[in-house]
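Engineer: Sending over query17.cif (mmCIF, C-alpha atoms, pLDDT in the B column; chains and numbers go by the auth columns).
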```cif
data_query
loop_
_atom_site.group_PDB
_atom_site.id
_atom_site.type_symbol
_atom_site.label_atom_id
_atom_site.label_comp_id
_atom_site.label_asym_id
_atom_site.label_seq_id
_atom_site.Cartn_x
_atom_site.Cartn_y
_atom_site.Cartn_z
_atom_site.B_iso_or_equiv
_atom_site.auth_seq_id
_atom_site.auth_asym_id
ATOM 1 C CA MET A 1 27.797 -6.232 3.769 57.00 8 A
ATOM 2 C CA THR A 2 24.660 -5.181 1.916 65.00 9 A
ATOM 3 C CA SER A 3 21.221 -5.101 3.458 69.00 10 A
ATOM 4 C CA PRO A 4 18.682 -7.553 2.073 83.00 11 A
ATOM 5 C CA MET A 5 15.895 -6.101 -0.046 89.00 12 A
ATOM 6 C CA LYS A 6 12.840 -5.333 2.053 95.00 13 A
ATOM 7 C CA ARG A 7 9.344 -6.060 0.799 96.00 14 A
ATOM 8 C CA ILE A 8 7.199 -2.988 1.493 97.00 15 A
ATOM 9 C CA LEU A 9 3.403 -2.934 1.742 98.00 16 A
ATOM 10 C CA VAL A 10 1.846 0.534 1.827 98.00 17 A
ATOM 11 C CA LEU A 11 -1.560 1.513 3.228 97.00 18 A
ATOM 12 C CA ILE A 12 -3.081 4.634 1.675 97.00 19 A
ATOM 13 C CA SER A 13 -6.304 6.606 1.700 95.00 20 A
ATOM 14 C CA GLY A 14 -5.581 9.543 -0.568 95.00 21 A
ATOM 15 C CA ASN A 15 -3.120 11.149 -2.937 96.00 22 A
ATOM 16 C CA GLY A 16 -0.260 8.766 -2.287 96.00 23 A
ATOM 17 C CA SER A 17 2.491 11.365 -2.077 96.00 24 A
ATOM 18 C CA ASN A 18 4.327 9.327 0.577 97.00 25 A
ATOM 19 C CA LEU A 19 3.876 6.241 -1.589 98.00 26 A
ATOM 20 C CA GLN A 20 5.441 8.099 -4.528 98.00 27 A
ATOM 21 C CA THR A 21 8.422 9.037 -2.371 98.00 28 A
ATOM 22 C CA LEU A 22 8.862 5.395 -1.370 97.00 29 A
ATOM 23 C CA LEU A 23 8.598 4.281 -4.993 98.00 30 A
ATOM 24 C CA ASP A 24 11.152 6.881 -6.078 98.00 31 A
ATOM 25 C CA HIS A 25 13.577 6.034 -3.274 98.00 32 A
ATOM 26 C CA CYS A 26 13.336 2.304 -3.976 97.00 33 A
ATOM 27 C CA ALA A 27 13.927 2.895 -7.688 96.00 34 A
ATOM 28 C CA SER A 28 16.968 5.074 -7.024 97.00 35 A
ATOM 29 C CA GLY A 29 18.463 2.699 -4.464 95.00 36 A
ATOM 30 C CA LYS A 30 18.080 5.100 -1.541 96.00 37 A
ATOM 31 C CA ILE A 31 15.878 2.436 0.053 95.00 38 A
ATOM 32 C CA ALA A 32 16.969 -1.185 -0.199 95.00 39 A
ATOM 33 C CA GLY A 33 13.482 -2.421 -0.851 96.00 40 A
ATOM 34 C CA GLU A 34 10.600 -2.881 -3.230 97.00 41 A
ATOM 35 C CA VAL A 35 7.008 -1.744 -2.856 98.00 42 A
ATOM 36 C CA VAL A 36 5.151 -5.021 -3.428 97.00 43 A
ATOM 37 C CA GLY A 37 1.606 -3.926 -2.697 97.00 44 A
ATOM 38 C CA VAL A 38 -0.702 -1.037 -1.924 98.00 45 A
ATOM 39 C CA ILE A 39 -3.967 -1.298 -0.007 98.00 46 A
ATOM 40 C CA SER A 40 -6.444 1.562 0.093 98.00 47 A
ATOM 41 C CA ASN A 41 -9.606 2.046 2.090 96.00 48 A
ATOM 42 C CA LYS A 42 -10.916 4.353 -0.670 97.00 49 A
ATOM 43 C CA ALA A 43 -11.544 3.176 -4.226 96.00 50 A
ATOM 44 C CA ASP A 44 -10.934 6.646 -5.666 97.00 51 A
ATOM 45 C CA ALA A 45 -7.594 7.258 -3.929 98.00 52 A
ATOM 46 C CA TYR A 46 -5.142 8.698 -6.459 98.00 53 A
ATOM 47 C CA GLY A 47 -2.389 6.701 -4.804 97.00 54 A
ATOM 48 C CA LEU A 48 -3.873 3.604 -6.473 98.00 55 A
ATOM 49 C CA VAL A 49 -3.145 5.192 -9.844 98.00 56 A
ATOM 50 C CA ARG A 50 0.429 5.888 -8.771 97.00 57 A
ATOM 51 C CA ALA A 51 0.835 2.276 -7.676 98.00 58 A
ATOM 52 C CA ARG A 52 -0.639 0.815 -10.857 97.00 59 A
ATOM 53 C CA GLU A 53 1.562 3.056 -13.015 97.00 60 A
ATOM 54 C CA ALA A 54 4.562 1.685 -11.122 97.00 61 A
ATOM 55 C CA GLY A 55 3.412 -1.891 -11.703 97.00 62 A
ATOM 56 C CA VAL A 56 2.513 -2.485 -8.062 98.00 63 A
ATOM 57 C CA VAL A 57 -0.359 -4.767 -7.088 97.00 64 A
ATOM 58 C CA THR A 58 -3.271 -2.893 -5.496 98.00 65 A
ATOM 59 C CA ALA A 59 -6.285 -3.799 -3.387 97.00 66 A
ATOM 60 C CA ILE A 60 -9.235 -1.887 -1.978 97.00 67 A
ATOM 61 C CA LEU A 61 -10.704 -2.708 1.403 97.00 68 A
ATOM 62 C CA ALA A 62 -13.376 -0.285 2.588 96.00 69 A
ATOM 63 C CA GLN A 63 -14.336 -0.295 6.245 94.00 70 A
ATOM 64 C CA GLN A 64 -17.991 0.137 5.237 94.00 71 A
ATOM 65 C CA GLN A 65 -17.951 -3.460 3.994 94.00 72 A
ATOM 66 C CA PHE A 66 -17.725 -4.698 7.582 97.00 73 A
ATOM 67 C CA ALA A 67 -20.063 -4.657 10.559 97.00 74 A
ATOM 68 C CA SER A 68 -17.336 -3.613 12.999 97.00 75 A
ATOM 69 C CA ARG A 69 -13.848 -2.190 13.177 96.00 76 A
ATOM 70 C CA ALA A 70 -12.624 -5.501 14.571 97.00 77 A
ATOM 71 C CA GLU A 71 -13.918 -7.342 11.483 98.00 78 A
ATOM 72 C CA TYR A 72 -12.287 -4.775 9.209 97.00 79 A
ATOM 73 C CA ASP A 73 -8.984 -5.049 11.052 96.00 80 A
ATOM 74 C CA ALA A 74 -9.079 -8.853 10.805 97.00 81 A
ATOM 75 C CA ALA A 75 -9.764 -8.655 7.057 97.00 82 A
ATOM 76 C CA LEU A 76 -6.969 -6.110 6.619 97.00 83 A
ATOM 77 C CA LEU A 77 -4.497 -8.328 8.469 96.00 84 A
ATOM 78 C CA ALA A 78 -5.528 -11.301 6.328 96.00 85 A
ATOM 79 C CA LEU A 79 -5.078 -9.275 3.147 95.00 86 A
ATOM 80 C CA MET A 80 -1.693 -8.052 4.309 94.00 87 A
ATOM 81 C CA ALA A 81 -0.593 -11.639 4.942 93.00 88 A
ATOM 82 C CA ASP A 82 -1.400 -12.733 1.355 81.00 89 A
#
```
Could you quickly redo this structure as structure tokens?

Structural biologist:
Amino acid sequence: MTSPMKRILVLISGNGSNLQTLLDHCASGKIAGEVVGVISNKADAYGLVRAREAGVVTAILAQQQFASRAEYDAALLALMAD
């Protein structure tokens, strides 16, 4: 019995080395899943480049856009649900 493909959403803030490992493992079949999105709290995070090069949808959500951490967390959860 094979495991169903998992949809993986990755949160990053920097280089994206863990993201790259996930992308590589999904591509090689070591992980039965697909990275379907990447969200960063920093617009200049290199991990966004890695994601785009792999054809993965990206989004940026900076905490500075919100008056409180609670508002940021609510916006992040809403974005993750899309």

Engineer: Residues picked by the PyMOL selection byres ((chain A and resi 50-57) around 8) here, as a PyMOL selection string?

Structural biologist: chain A and resi 19-24+26-27+45+47-49+58-61+65+67+69

Engineer: Could you tell me how far CA of Glu41 in chain A sits from CA of Gln70 in chain A, in Å to one decimal place?

Structural biologist: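 If I compute the distance from CA of Gln70 in chain A to CA of Glu41 in chain A, I get 26.8 Å.
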
Engineer: Between CA of Ala81 in chain A and CA of Lys13 in chain A, what is the distance, to one decimal in Å?

Structural biologist: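 If I compute the distance from CA of Ala81 in chain A to CA of Lys13 in chain A, I get 23.9 Å.
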
Engineer: In Å, with one decimal, what is the gap from CA of Tyr79 in chain A to CA of Val43 in chain A?

Structural biologist: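 Rounded to one decimal, the two atoms are 21.5 Å apart.
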
Engineer: Quick one: residues within 6 Å of (-5.8, -3.3, 3.9) (file frame), counting all atoms listed in the file, please, as a ChimeraX atom specification.

Structural biologist: /A:46,68,83
